[in-house]
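**Student:** So that you have it, the file is work.cif, and it contains mmCIF, C-alpha atoms and all ligand atoms:
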```cif
data_upload
loop_
_atom_site.label_atom_id
_atom_site.label_comp_id
_atom_site.auth_asym_id
_atom_site.auth_seq_id
_atom_site.Cartn_x
_atom_site.Cartn_y
_atom_site.Cartn_z
CA MET A 71 -85.48 -0.28 12.58
CA SER A 72 -86.42 3.25 11.68
CA VAL A 73 -89.72 3.76 9.88
CA THR A 74 -88.37 6.72 7.93
CA ASN A 75 -86.35 6.43 4.73
CA LYS A 76 -84.31 9.48 5.60
CA TYR A 77 -81.33 8.83 7.81
CA SER A 78 -79.90 10.83 10.69
CA ILE A 79 -76.25 11.07 11.60
CA ILE A 80 -75.85 11.74 15.30
CA LEU A 81 -72.78 12.58 17.36
CA GLY A 82 -73.08 11.19 20.90
CA ILE A 83 -71.01 12.59 23.76
CA GLU A 84 -70.56 10.83 27.12
CA SER A 85 -68.70 12.37 30.07
CA SER A 86 -70.67 11.35 33.18
CA CYS A 87 -67.85 9.72 35.14
CA ASP A 88 -64.27 8.89 34.18
CA ASP A 89 -64.55 7.95 30.49
CA THR A 90 -64.59 10.61 27.78
CA SER A 91 -66.35 9.14 24.78
CA ALA A 92 -67.70 10.25 21.40
CA ALA A 93 -69.57 8.12 18.86
CA ILE A 94 -71.23 8.57 15.49
CA ILE A 95 -74.37 6.67 14.61
CA LYS A 96 -76.31 6.59 11.34
CA ASN A 97 -79.84 5.76 12.51
CA GLU A 98 -79.15 2.59 14.55
CA GLU A 99 -75.92 1.69 12.76
CA ILE A 100 -72.68 2.47 14.57
CA LEU A 101 -69.99 4.25 12.53
CA SER A 102 -67.48 4.94 15.32
CA ASN A 103 -67.20 4.74 19.11
CA VAL A 104 -64.09 6.27 20.68
CA ILE A 105 -63.39 6.02 24.42
CA ALA A 106 -60.56 7.71 26.36
CA SER A 107 -60.31 6.16 29.82
CA GLN A 108 -58.64 8.07 32.64
CA ASP A 109 -55.75 6.21 34.32
CA VAL A 110 -55.17 9.14 36.68
CA HIS A 111 -57.64 7.67 39.25
CA THR A 112 -55.95 4.26 39.66
CA LYS A 113 -53.51 5.38 42.33
CA TYR A 114 -56.30 6.98 44.42
CA GLY A 115 -58.40 3.78 44.52
CA GLY A 116 -61.48 5.51 43.05
CA VAL A 117 -62.61 8.35 40.79
CA VAL A 118 -61.45 11.81 41.98
CA PRO A 119 -64.15 14.19 40.61
CA GLU A 120 -61.85 17.20 40.21
CA LEU A 121 -59.29 15.19 38.24
CA ALA A 122 -62.03 13.59 36.12
CA SER A 123 -63.34 17.02 35.03
CA ARG A 124 -59.87 18.18 34.05
CA ALA A 125 -59.17 15.01 32.08
CA HIS A 126 -62.51 15.38 30.22
CA GLN A 127 -61.51 18.94 29.34
CA GLN A 128 -58.24 17.65 27.86
CA ASN A 129 -59.78 14.68 26.07
CA ILE A 130 -63.01 15.97 24.61
CA VAL A 131 -61.71 17.71 21.47
CA PRO A 132 -59.37 14.90 20.34
CA VAL A 133 -61.98 12.23 21.13
CA VAL A 134 -64.71 13.96 19.08
CA ASP A 135 -62.25 14.63 16.28
CA THR A 136 -61.19 10.95 16.19
CA ALA A 137 -64.82 9.76 16.22
CA LEU A 138 -65.62 11.92 13.17
CA LYS A 139 -62.49 10.74 11.34
CA GLN A 140 -63.12 7.06 12.10
CA ALA A 141 -66.71 7.41 10.89
CA GLY A 142 -65.46 9.05 7.70
CA ILE A 143 -67.74 12.06 8.01
CA THR A 144 -67.28 15.80 8.48
CA LYS A 145 -68.99 17.81 11.22
CA ASN A 146 -71.17 19.50 8.59
CA GLU A 147 -72.83 16.14 7.84
CA LEU A 148 -74.13 15.80 11.42
CA THR A 149 -77.91 15.90 11.91
CA ALA A 150 -77.85 16.42 15.69
CA ILE A 151 -75.71 16.18 18.83
CA ALA A 152 -76.78 14.02 21.77
CA TYR A 153 -75.03 14.31 25.12
CA THR A 154 -75.31 12.82 28.62
CA GLN A 155 -77.30 15.21 30.79
CA GLY A 156 -77.08 12.96 33.88
CA PRO A 157 -76.91 11.20 36.26
CA GLY A 158 -73.21 11.48 37.03
CA LEU A 159 -70.51 13.73 38.48
CA LEU A 160 -71.55 17.33 37.96
CA GLY A 161 -68.10 18.65 36.98
CA SER A 162 -67.68 15.83 34.45
CA LEU A 163 -71.18 16.35 33.04
CA LEU A 164 -70.54 20.08 32.66
CA VAL A 165 -67.64 19.44 30.27
CA GLY A 166 -69.75 17.29 27.91
CA THR A 167 -72.78 19.58 28.22
CA SER A 168 -70.85 22.77 27.45
CA PHE A 169 -69.05 21.15 24.54
CA ALA A 170 -72.27 19.72 23.05
CA LYS A 171 -74.11 23.04 23.43
CA SER A 172 -71.33 25.03 21.76
CA MET A 173 -70.93 22.58 18.89
CA ALA A 174 -74.70 22.35 18.25
CA MET A 175 -74.94 26.13 18.30
CA GLY A 176 -71.96 26.52 15.95
CA LEU A 177 -73.41 24.02 13.48
CA ASN A 178 -76.98 25.22 14.01
CA ILE A 179 -78.29 21.67 14.56
CA PRO A 180 -80.53 20.16 17.28
CA LEU A 181 -79.16 19.34 20.72
CA ILE A 182 -80.58 16.28 22.50
CA ASP A 183 -80.16 15.57 26.20
CA VAL A 184 -79.90 11.93 27.20
CA ASN A 185 -80.36 10.06 30.47
CA HIS A 186 -77.24 7.92 30.95
CA MET A 187 -79.22 5.00 32.46
CA GLN A 188 -81.66 5.00 29.53
CA GLY A 189 -78.57 4.94 27.29
CA HIS A 190 -77.20 1.81 28.99
CA ILE A 191 -80.48 0.00 28.22
CA LEU A 192 -80.77 1.23 24.63
CA ALA A 193 -77.22 -0.04 23.95
CA HIS A 194 -79.09 -3.28 23.10
CA PHE A 195 -80.34 -1.68 19.88
CA ILE A 196 -76.96 -0.62 18.45
CA GLN A 197 -76.33 -2.41 15.16
CA LYS A 198 -73.18 -3.06 13.19
CA LYS A 199 -73.35 -2.76 9.41
CA GLU A 200 -71.95 -6.21 8.72
CA ASP A 201 -73.85 -8.07 11.42
CA HIS A 202 -77.44 -7.25 12.39
CA LYS A 203 -78.32 -8.85 15.71
CA PRO A 204 -81.69 -9.64 17.31
CA THR A 205 -82.99 -7.02 19.74
CA PRO A 206 -85.30 -7.44 22.75
CA ASN A 207 -89.08 -7.30 22.19
CA PHE A 208 -91.16 -4.90 24.26
CA PRO A 209 -92.00 -5.14 27.07
CA PHE A 210 -88.76 -6.53 28.47
CA ILE A 211 -86.97 -6.34 31.79
CA CYS A 212 -83.45 -4.97 32.02
CA LEU A 213 -81.13 -5.37 34.97
CA THR A 214 -78.82 -2.35 34.77
CA VAL A 215 -75.73 -2.80 36.91
CA SER A 216 -72.96 -0.22 36.97
CA GLY A 217 -70.54 1.56 39.29
CA GLY A 218 -73.19 4.05 40.32
CA HIS A 219 -76.50 2.22 39.84
CA THR A 220 -78.30 -1.09 40.22
CA GLN A 221 -81.78 -1.02 38.75
CA ILE A 222 -84.48 -3.36 37.52
CA VAL A 223 -86.33 -1.57 34.73
CA LEU A 224 -89.50 -2.51 32.85
CA VAL A 225 -88.88 -1.32 29.29
CA LYS A 226 -92.20 -0.74 27.50
CA ALA A 227 -90.82 1.08 24.45
CA HIS A 228 -87.53 2.71 23.46
CA LEU A 229 -88.37 5.82 25.45
CA SER A 230 -90.89 4.45 27.93
CA MET A 231 -89.22 2.88 30.96
CA GLU A 232 -90.42 2.21 34.49
CA LEU A 233 -88.06 1.74 37.41
CA ILE A 234 -89.39 -1.22 39.41
CA GLY A 235 -86.48 -1.85 41.77
CA GLU A 236 -83.10 -0.40 42.69
CA THR A 237 -80.39 -0.46 45.29
CA ILE A 238 -81.15 1.44 48.46
CA ASP A 239 -77.45 2.15 49.08
CA ASP A 240 -74.31 1.02 47.16
CA ALA A 241 -74.36 -0.18 43.55
CA ALA A 242 -73.27 -3.67 42.45
CA GLY A 243 -70.17 -2.19 40.78
CA GLU A 244 -69.22 -0.51 44.06
CA ALA A 245 -69.61 -3.86 45.84
CA PHE A 246 -67.01 -5.26 43.41
CA ASP A 247 -64.71 -2.23 43.56
CA LYS A 248 -64.77 -1.81 47.35
CA ALA A 249 -64.10 -5.50 47.98
CA ALA A 250 -61.27 -5.38 45.45
CA LYS A 251 -59.75 -2.45 47.34
CA LEU A 252 -59.84 -4.47 50.59
CA LEU A 253 -57.99 -7.22 48.71
CA GLY A 254 -55.31 -4.70 47.69
CA LEU A 255 -56.37 -4.61 44.02
CA PRO A 256 -56.25 -1.34 42.01
CA TYR A 257 -59.35 0.62 40.88
CA PRO A 258 -61.60 -0.34 39.14
CA GLY A 259 -61.50 -3.73 40.83
CA GLY A 260 -64.54 -5.32 39.13
CA PRO A 261 -62.72 -6.56 36.01
CA LEU A 262 -59.82 -7.88 38.15
CA VAL A 263 -62.13 -9.78 40.51
CA ASP A 264 -63.71 -11.30 37.38
CA LYS A 265 -60.30 -12.29 36.00
CA LEU A 266 -59.00 -13.76 39.28
CA SER A 267 -62.26 -15.68 39.81
CA LYS A 268 -61.59 -17.76 36.70
CA ALA A 269 -59.00 -19.80 38.62
CA GLY A 270 -61.00 -19.90 41.86
CA ASP A 271 -63.49 -22.13 43.65
CA ALA A 272 -66.79 -20.25 44.01
CA ALA A 273 -68.06 -22.68 46.66
CA LYS A 274 -65.11 -22.13 49.02
CA PHE A 275 -66.53 -19.22 51.07
CA THR A 276 -70.12 -18.24 51.75
CA PHE A 277 -71.84 -14.93 52.51
CA THR A 278 -75.39 -14.04 53.50
CA PHE A 279 -78.06 -12.09 51.58
CA PRO A 280 -79.42 -8.81 52.93
CA LYS A 281 -83.18 -8.49 53.39
CA VAL A 282 -84.77 -5.51 51.59
CA GLY A 283 -88.10 -4.77 49.83
CA GLU A 284 -89.44 -6.77 46.89
CA PHE A 285 -87.33 -5.80 43.86
CA ASN A 286 -84.80 -3.63 45.69
CA TYR A 287 -81.19 -4.39 46.54
CA SER A 288 -78.76 -3.44 49.30
CA PHE A 289 -75.00 -3.86 48.94
CA SER A 290 -73.57 -1.82 51.82
CA GLY A 291 -74.04 -4.65 54.36
CA LEU A 292 -72.25 -7.07 52.05
CA LYS A 293 -69.21 -4.80 51.96
CA THR A 294 -69.08 -4.77 55.79
CA GLN A 295 -69.63 -8.54 55.89
CA PHE A 296 -66.70 -8.96 53.49
CA LEU A 297 -64.48 -6.68 55.62
CA TYR A 298 -65.25 -8.63 58.84
CA PHE A 299 -64.71 -11.92 57.01
CA LEU A 300 -61.22 -10.82 55.90
CA GLN A 301 -60.34 -9.42 59.34
CA LYS A 302 -61.38 -12.68 61.04
CA GLU A 303 -59.45 -14.89 58.61
CA GLU A 304 -56.36 -12.66 58.68
CA LYS A 305 -56.23 -12.93 62.48
CA LEU A 306 -55.82 -16.68 62.04
CA ASN A 307 -53.49 -16.49 59.04
CA ASP A 308 -51.79 -13.26 58.00
CA LYS A 309 -51.24 -14.64 54.48
CA PHE A 310 -54.94 -15.52 54.07
CA ILE A 311 -55.63 -13.11 51.18
CA GLN A 312 -52.45 -14.00 49.32
CA GLN A 313 -53.07 -17.75 49.65
CA ASN A 314 -56.78 -17.66 48.80
CA LEU A 315 -57.16 -14.70 46.41
CA ASN A 316 -58.75 -16.63 43.54
CA ASP A 317 -61.21 -18.49 45.78
CA ILE A 318 -62.17 -15.32 47.66
CA CYS A 319 -62.85 -13.49 44.37
CA ALA A 320 -64.81 -16.40 42.87
CA SER A 321 -66.96 -16.88 46.01
CA TYR A 322 -67.69 -13.18 46.44
CA GLN A 323 -68.44 -12.69 42.72
CA GLU A 324 -70.84 -15.64 42.63
CA HIS A 325 -72.59 -14.35 45.73
CA ILE A 326 -73.23 -10.94 44.09
CA VAL A 327 -74.46 -12.56 40.88
CA ASN A 328 -76.77 -14.97 42.77
CA TYR A 329 -78.18 -12.04 44.75
CA LEU A 330 -78.80 -10.03 41.56
CA PHE A 331 -80.67 -12.99 40.08
CA ILE A 332 -82.94 -13.65 43.07
CA LYS A 333 -84.61 -10.25 42.54
CA LEU A 334 -84.39 -10.35 38.75
CA LYS A 335 -86.23 -13.70 38.61
CA LYS A 336 -88.91 -12.38 40.97
CA ALA A 337 -89.46 -9.32 38.76
CA VAL A 338 -89.61 -11.35 35.52
CA THR A 339 -92.22 -13.68 37.06
CA HIS A 340 -94.23 -10.81 38.49
CA TYR A 341 -94.36 -8.82 35.24
CA LYS A 342 -94.76 -11.96 33.09
CA VAL A 343 -92.18 -10.91 30.48
CA LYS A 344 -90.27 -13.30 28.23
CA ASP A 345 -87.39 -11.06 27.17
CA VAL A 346 -84.71 -10.30 29.75
CA ALA A 347 -81.64 -8.12 29.30
CA ILE A 348 -78.65 -6.94 31.31
CA ALA A 349 -76.77 -3.67 30.84
CA GLY A 350 -74.16 -1.40 32.45
CA GLY A 351 -70.50 -1.90 33.33
CA VAL A 352 -71.06 -4.96 35.55
CA SER A 353 -72.82 -6.73 32.65
CA ALA A 354 -69.28 -7.23 31.31
CA ASN A 355 -68.84 -9.71 34.18
CA SER A 356 -68.34 -13.24 32.86
CA CYS A 357 -70.16 -14.95 35.76
CA LEU A 358 -73.20 -12.67 35.29
CA ARG A 359 -73.24 -13.29 31.53
CA LYS A 360 -73.07 -17.07 32.03
CA LYS A 361 -75.77 -16.99 34.70
CA LEU A 362 -78.11 -15.06 32.39
CA ALA A 363 -77.62 -17.59 29.60
CA LYS A 364 -78.14 -20.54 31.97
CA THR A 365 -81.16 -19.07 33.76
CA GLY A 366 -82.66 -18.05 30.42
CA LYS A 367 -82.50 -21.66 29.22
CA GLN A 368 -84.02 -23.00 32.45
CA GLU A 369 -86.81 -20.41 32.60
CA GLY A 370 -87.57 -20.13 28.87
CA TRP A 371 -86.47 -16.47 28.67
CA ASN A 372 -85.07 -14.80 25.55
CA THR A 373 -81.88 -13.23 26.89
CA PHE A 374 -79.91 -10.22 25.66
CA ILE A 375 -76.46 -8.95 26.57
CA PRO A 376 -74.94 -5.90 24.87
CA GLU A 377 -71.66 -6.31 23.03
CA PHE A 378 -68.75 -6.02 25.43
CA GLU A 379 -67.71 -2.52 24.25
CA TYR A 380 -71.25 -1.19 24.86
CA CYS A 381 -71.51 -2.53 28.44
CA THR A 382 -69.21 -0.04 30.18
CA ASP A 383 -69.64 3.70 29.65
CA ASN A 384 -69.58 4.67 25.97
CA ALA A 385 -71.05 7.34 23.70
CA ALA A 386 -72.63 4.90 21.23
CA MET A 387 -75.43 4.30 23.73
CA ILE A 388 -75.92 8.08 24.06
CA ALA A 389 -76.00 8.50 20.28
CA ILE A 390 -78.64 5.77 19.75
CA THR A 391 -80.83 7.22 22.52
CA GLY A 392 -80.44 10.56 20.75
CA PHE A 393 -81.62 8.92 17.53
CA TYR A 394 -84.86 7.66 19.13
CA LYS A 395 -85.47 11.03 20.78
CA LEU A 396 -84.88 12.88 17.51
CA GLU A 397 -87.38 10.59 15.74
CA LYS A 398 -89.98 11.74 18.28
CA GLY A 399 -88.95 15.38 17.97
CA ASP A 400 -87.81 15.33 21.61
CA VAL A 401 -84.96 17.82 21.34
CA SER A 402 -83.51 20.25 23.85
CA ASN A 403 -82.37 23.88 23.71
CA GLN A 404 -79.45 26.06 24.77
CA SER A 405 -80.85 26.61 28.28
CA THR A 406 -80.34 22.93 29.18
CA THR A 407 -78.14 22.11 32.19
CA PRO A 408 -76.63 18.87 33.51
CA SER A 409 -78.36 16.99 36.31
CA ALA A 410 -76.25 14.91 38.71
CA ARG A 411 -79.25 12.99 40.11
CA MET A 412 -81.41 12.66 37.02
CA LYS A 413 -84.27 10.10 37.13
CA PHE A 414 -86.13 8.43 34.24
O1 LIG B 501 -71.33 1.50 33.52
P1 LIG B 501 -69.95 1.78 33.99
O2 LIG B 501 -68.83 1.78 32.98
O3 LIG B 501 -69.86 3.17 34.72
C1 LIG B 501 -70.87 3.66 35.51
O4 LIG B 501 -71.85 4.22 34.96
O5 LIG B 501 -70.73 3.44 36.75
O6 LIG B 501 -69.64 0.73 35.15
C2 LIG B 501 -68.41 0.70 35.83
C3 LIG B 501 -68.46 -0.41 36.86
C4 LIG B 501 -67.26 -0.42 37.80
O7 LIG B 501 -67.73 -0.58 39.13
C5 LIG B 501 -66.47 -1.65 37.35
O8 LIG B 501 -65.72 -2.26 38.38
C6 LIG B 501 -67.60 -2.56 36.88
O9 LIG B 501 -68.48 -1.70 36.21
N1 LIG B 501 -67.13 -3.62 35.97
C7 LIG B 501 -67.12 -4.93 36.30
C8 LIG B 501 -66.57 -5.62 35.20
N2 LIG B 501 -66.26 -4.69 34.23
C9 LIG B 501 -66.62 -3.48 34.72
N3 LIG B 501 -67.53 -5.54 37.43
C10 LIG B 501 -67.41 -6.89 37.46
N4 LIG B 501 -66.88 -7.60 36.45
C11 LIG B 501 -66.45 -7.03 35.31
N5 LIG B 501 -65.94 -7.76 34.32
ZN ZN B 502 -72.66 3.92 33.20
#
```
Now, as a test, write the supplied structure out as structure tokens.

**Tutor:**
Amino acid sequence: MSVTNKYSIILGIESSCDDTSAAIIKNEEILSNVIASQDVHTKYGGVVPELASRAHQQNIVPVVDTALKQAGITKNELTAIAYTQGPGLLGSLLVGTSFAKSMAMGLNIPLIDVNHMQGHILAHFIQKKEDHKPTPNFPFICLTVSGGHTQIVLVKAHLSMELIGETIDDAAGEAFDKAAKLLGLPYPGGPLVDKLSKAGDAAKFTFTFPKVGEFNYSFSGLKTQFLYFLQKEEKLNDKFIQQNLNDICASYQEHIVNYLFIKLKKAVTHYKVKDVAIAGGVSANSCLRKKLAKTGKQEGWNTFIPEFEYCTDNAAMIAITGFYKLEKGDVSNQSTTPSARMKF
């Protein structure tokens, strides 16, 4: 918790990909978190950057307005505005950046730029008024798995993070989404693969693990392996997907989760940490959540999973990161620009 008695009320703005979100946080306590998702991409089987930017432009004012109303505060009560500087789609980031800069300038309050990946990790510290939950102790390891990233991060303090492993090509979320597309499922396929897996046999089909450096991942080979597997089976039976959809999803999902855990376990052992967390959109996956709980029990880890609504992209995680940065006086200025490939 904050060491100061004074509280800060921060507006967070997230627009890095295809969700326009605004949230209000009072120190670490969430007051509102509004997310407008963009259905326009479904029929294209993936996010179309140009359409995402336009949708952000349409959504941003109503989303911020709703977040303020739901929090029961006026814009004049805001202490600062935190926004996602990157990484993400440049056109999408520009909408949030321009809006945050203008609003901060109009209200004459600090502007704070936030790294989206740091935000995913700090989502673990968001508290609800009625229900304070335990948070990870430093240092801890966080596996951040999203549509754009797969990272193993050593978290030494709120704002001190070291990237110790990452994917060298596709992200885990992409591995879900691309396989789902091959199965004829709409974008984003990850949640649907998760849902269909519930009625499937995860031991029915097997895949192999790619070989890459110590704590790194590779998912592009798995996508090709999955494509060849479907092509081979469909040659023998043209109704293969239809007749085996649940088993295919369950087997593929378990394979991804097992692969994620091979490297995660290695990293936890190597860095001798006791607290282990997952974050990012794929941490909403039920198989991954169960595996973390089970492995944690076996290995004696304290495990942490963000609340469901703070797993996928949201502005609450941007607002809480803004809070920690404000506490340290780490604020930005009007010359700030978005960064599509931002690192820690
Ligand atoms: O963090 P996020 O909302 O956006 C990015 O920063 O990328 O993550 C989105 C990704 C998508 O690939 C989506 O398919 C995946 O998270 N995802 C899931 C589940 N829910 C979201 N993947 C597997 N199982 C889920 N339940
Ligand atoms: Zn994300």

**Student:** Determine, for each residue of chain A having at least one atom at most 9 Å from an atom of ligand ZN 502 (chain B), the closest pair of atoms and their separation in Å to one decimal, counting all atoms listed in the file; order by chain and ascending number, as JSON lines.

**Tutor:**
```
{"residue": "A:Ser86", "atom": "CA", "partner": "B:ZN502", "partner_atom": "ZN", "distance": 7.7}
{"residue": "A:Cys87", "atom": "CA", "partner": "B:ZN502", "partner_atom": "ZN", "distance": 7.8}
{"residue": "A:Pro157", "atom": "CA", "partner": "B:ZN502", "partner_atom": "ZN", "distance": 9.0}
{"residue": "A:Gly158", "atom": "CA", "partner": "B:ZN502", "partner_atom": "ZN", "distance": 8.5}
{"residue": "A:His186", "atom": "CA", "partner": "B:ZN502", "partner_atom": "ZN", "distance": 6.5}
{"residue": "A:Met187", "atom": "CA", "partner": "B:ZN502", "partner_atom": "ZN", "distance": 6.7}
{"residue": "A:Gly189", "atom": "CA", "partner": "B:ZN502", "partner_atom": "ZN", "distance": 8.4}
{"residue": "A:His190", "atom": "CA", "partner": "B:ZN502", "partner_atom": "ZN", "distance": 6.5}
{"residue": "A:Thr214", "atom": "CA", "partner": "B:ZN502", "partner_atom": "ZN", "distance": 8.9}
{"residue": "A:Val215", "atom": "CA", "partner": "B:ZN502", "partner_atom": "ZN", "distance": 8.3}
{"residue": "A:Ser216", "atom": "CA", "partner": "B:ZN502", "partner_atom": "ZN", "distance": 5.6}
{"residue": "A:Gly217", "atom": "CA", "partner": "B:ZN502", "partner_atom": "ZN", "distance": 6.9}
{"residue": "A:Gly218", "atom": "CA", "partner": "B:ZN502", "partner_atom": "ZN", "distance": 7.1}
{"residue": "A:His219", "atom": "CA", "partner": "B:ZN502", "partner_atom": "ZN", "distance": 7.9}
{"residue": "A:Ala349", "atom": "CA", "partner": "B:ZN502", "partner_atom": "ZN", "distance": 8.9}
{"residue": "A:Gly350", "atom": "CA", "partner": "B:ZN502", "partner_atom": "ZN", "distance": 5.6}
{"residue": "A:Gly351", "atom": "CA", "partner": "B:ZN502", "partner_atom": "ZN", "distance": 6.2}
{"residue": "A:Cys381", "atom": "CA", "partner": "B:ZN502", "partner_atom": "ZN", "distance": 8.1}
{"residue": "A:Thr382", "atom": "CA", "partner": "B:ZN502", "partner_atom": "ZN", "distance": 6.1}
{"residue": "A:Asp383", "atom": "CA", "partner": "B:ZN502", "partner_atom": "ZN", "distance": 4.7}
{"residue": "A:Asn384", "atom": "CA", "partner": "B:ZN502", "partner_atom": "ZN", "distance": 7.9}
```

**Student:** Could you give me, as a list of chain:residue names, the residues within 8 Å of segment 337-346 of chain A, counting all atoms listed in the file and dropping anything in the same chain fewer than 5 positions from it?

**Tutor:** A:Pro206, A:Asn207, A:Phe208, A:Pro209, A:Phe210, A:Ile211, A:Cys212, A:Ile222, A:Phe285, A:Gly370, A:Trp371, A:Asn372, A:Thr373, A:Phe374

**Student:** Contacts of segment 321-330 of chain A at 9 Å or less, counting all atoms listed in the file, minus same-chain residues fewer than 3 places along, as a PyMOL selection string?

**Tutor:** chain A and resi 213+242+245-246+249+263-264+267+270-280+287+289+292+296+316-318+333-335+357-358+361

**Student:** May I ask for the distance between atom CA of Asp89 of chain A and atom CA of Lys268 of chain A, given in Å to one decimal place?

**Tutor:**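 Interatomic distance, atom CA of Asp89 of chain A to atom CA of Lys268 of chain A: 26.6 Å.
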
**Student:** Would you please work out which residue, of A:Phe310, A:Tyr257, A:Tyr394, A:Phe331, is nearest to ligand LIG 501 (chain B) when using all atoms listed in the file?

**Tutor:**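 Once distances to ligand LIG 501 (chain B) are computed over all atoms listed in the file, the minimum belongs to A:Tyr257.
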
**Student:** Figure out the distance between atom CA of His202 of chain A and atom O2 of ligand LIG 501 (chain B), please, to one decimal in Å.

**Tutor:**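 Rounded to one decimal, the two atoms are 24.1 Å apart.
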
**Student:** Hey, which of A:Ser288, A:Asn185, A:Thr136, A:Ser405 ends up closest to ligand LIG 501 (chain B)? Count only C-alpha atoms and all ligand atoms.

**Tutor:**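 Looking at the shortest contact to ligand LIG 501 (chain B), the residue is A:Asn185.
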
**Student:** Quick one: distance from atom CA of Asp400 of chain A to atom CA of Ile196 of chain A in Å, one decimal?

**Tutor:**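 Value for the atom CA of Asp400 of chain A-atom CA of Ile196 of chain A distance: 19.5 Å.
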
**Student:** Which residue is closest to ligand LIG 501 (chain B)? Choose from A:Ser402, A:Gln313, A:Ser102, A:Thr90 and count all atoms listed in the file.

**Tutor:**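 Residue with the minimum atom-to-atom distance to ligand LIG 501 (chain B): A:Thr90.
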
**Student:** Could you tell me which of A:Ile94, A:Ile105, A:Ile130, A:Ala174 comes closest to ligand LIG 501 (chain B) if we count all atoms listed in the file?

**Tutor:**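 Counting all atoms listed in the file, the residue closest to ligand LIG 501 (chain B) is A:Ile105.
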
**Student:** For each of A:Ser78, A:Gln295, A:Thr365, A:Gln188, take the minimum atom-to-atom distance to Glu98 of chain A, counting only C-alpha atoms, then give the residue where this is smallest.

**Tutor:**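 That would be A:Ser78, the residue with the smallest distance to Glu98 of chain A.
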
**Student:** Do you know which residues are at most 12 Å from Glu200 of chain A counting all atoms listed in the file, after dropping those on the same chain fewer than 6 positions away, and could you put them as a PyMOL selection string?

**Tutor:** chain A and resi 99-101

**Student:** Please produce an output containing C-alpha atoms for each residue in the selection, written as a PDB file, in the coordinates of the input.

**Tutor:**
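result.pdb, freshly written:
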```pdb
ATOM      1  CA  GLU A  99     -75.920   1.690  12.760  1.00  0.00           C
ATOM      2  CA  ILE A 100     -72.680   2.470  14.570  1.00  0.00           C
ATOM      3  CA  LEU A 101     -69.990   4.250  12.530  1.00  0.00           C
TER       4      LEU A 101
END
```

**Student:** Which of these, A:Ile238, A:Leu138, A:Val117, A:Leu164, has the shortest distance to ligand LIG 501 (chain B) once you count all atoms listed in the file?

**Tutor:**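 Among the listed residues, the smallest separation from ligand LIG 501 (chain B) belongs to A:Val117.
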
**Student:** Would you mind listing what lies within 12 Å of Thr391 of chain A as an mmCIF file with C-alpha atoms, in the coordinates of the input, with all atoms listed in the file counted and same-chain residues fewer than 5 positions away left out?

**Tutor:**
```
data_model
loop_
_atom_site.group_PDB
_atom_site.id
_atom_site.type_symbol
_atom_site.label_atom_id
_atom_site.label_comp_id
_atom_site.auth_asym_id
_atom_site.auth_seq_id
_atom_site.Cartn_x
_atom_site.Cartn_y
_atom_site.Cartn_z
ATOM 1 C CA ILE A 80 -75.850 11.740 15.300
ATOM 2 C CA LEU A 81 -72.780 12.580 17.360
ATOM 3 C CA GLY A 82 -73.080 11.190 20.900
ATOM 4 C CA ILE A 83 -71.010 12.590 23.760
ATOM 5 C CA GLU A 84 -70.560 10.830 27.120
ATOM 6 C CA ALA A 93 -69.570 8.120 18.860
ATOM 7 C CA ILE A 94 -71.230 8.570 15.490
ATOM 8 C CA ILE A 95 -74.370 6.670 14.610
ATOM 9 C CA ASN A 97 -79.840 5.760 12.510
ATOM 10 C CA GLU A 98 -79.150 2.590 14.550
ATOM 11 C CA ALA A 150 -77.850 16.420 15.690
ATOM 12 C CA ILE A 151 -75.710 16.180 18.830
ATOM 13 C CA ALA A 152 -76.780 14.020 21.770
ATOM 14 C CA TYR A 153 -75.030 14.310 25.120
ATOM 15 C CA THR A 154 -75.310 12.820 28.620
ATOM 16 C CA ILE A 182 -80.580 16.280 22.500
ATOM 17 C CA ASP A 183 -80.160 15.570 26.200
ATOM 18 C CA VAL A 184 -79.900 11.930 27.200
ATOM 19 C CA ASN A 185 -80.360 10.060 30.470
ATOM 20 C CA HIS A 186 -77.240 7.920 30.950
ATOM 21 C CA MET A 187 -79.220 5.000 32.460
ATOM 22 C CA GLN A 188 -81.660 5.000 29.530
ATOM 23 C CA GLY A 189 -78.570 4.940 27.290
ATOM 24 C CA HIS A 190 -77.200 1.810 28.990
ATOM 25 C CA ILE A 191 -80.480 0.000 28.220
ATOM 26 C CA LEU A 192 -80.770 1.230 24.630
ATOM 27 C CA ALA A 193 -77.220 -0.040 23.950
ATOM 28 C CA HIS A 194 -79.090 -3.280 23.100
ATOM 29 C CA PHE A 195 -80.340 -1.680 19.880
ATOM 30 C CA ILE A 196 -76.960 -0.620 18.450
ATOM 31 C CA ALA A 227 -90.820 1.080 24.450
ATOM 32 C CA HIS A 228 -87.530 2.710 23.460
ATOM 33 C CA LEU A 229 -88.370 5.820 25.450
ATOM 34 C CA SER A 230 -90.890 4.450 27.930
ATOM 35 C CA ALA A 385 -71.050 7.340 23.700
ATOM 36 C CA ALA A 386 -72.630 4.900 21.230
ATOM 37 C CA LEU A 396 -84.880 12.880 17.510
ATOM 38 C CA GLU A 397 -87.380 10.590 15.740
ATOM 39 C CA LYS A 398 -89.980 11.740 18.280
ATOM 40 C CA ASP A 400 -87.810 15.330 21.610
ATOM 41 C CA VAL A 401 -84.960 17.820 21.340
#
```

**Student:** Please determine the residues with any atom at most 9 Å from (-82.5, 26.4, 23.4) (coordinates as given in the file, with all atoms listed in the file counting) and report them as a list in words.

**Tutor:**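 Final list of nearby residues, as requested, is Pro180, Leu181, Ser402, Asn403, Gln404, Ser405 and Thr406 of chain A.
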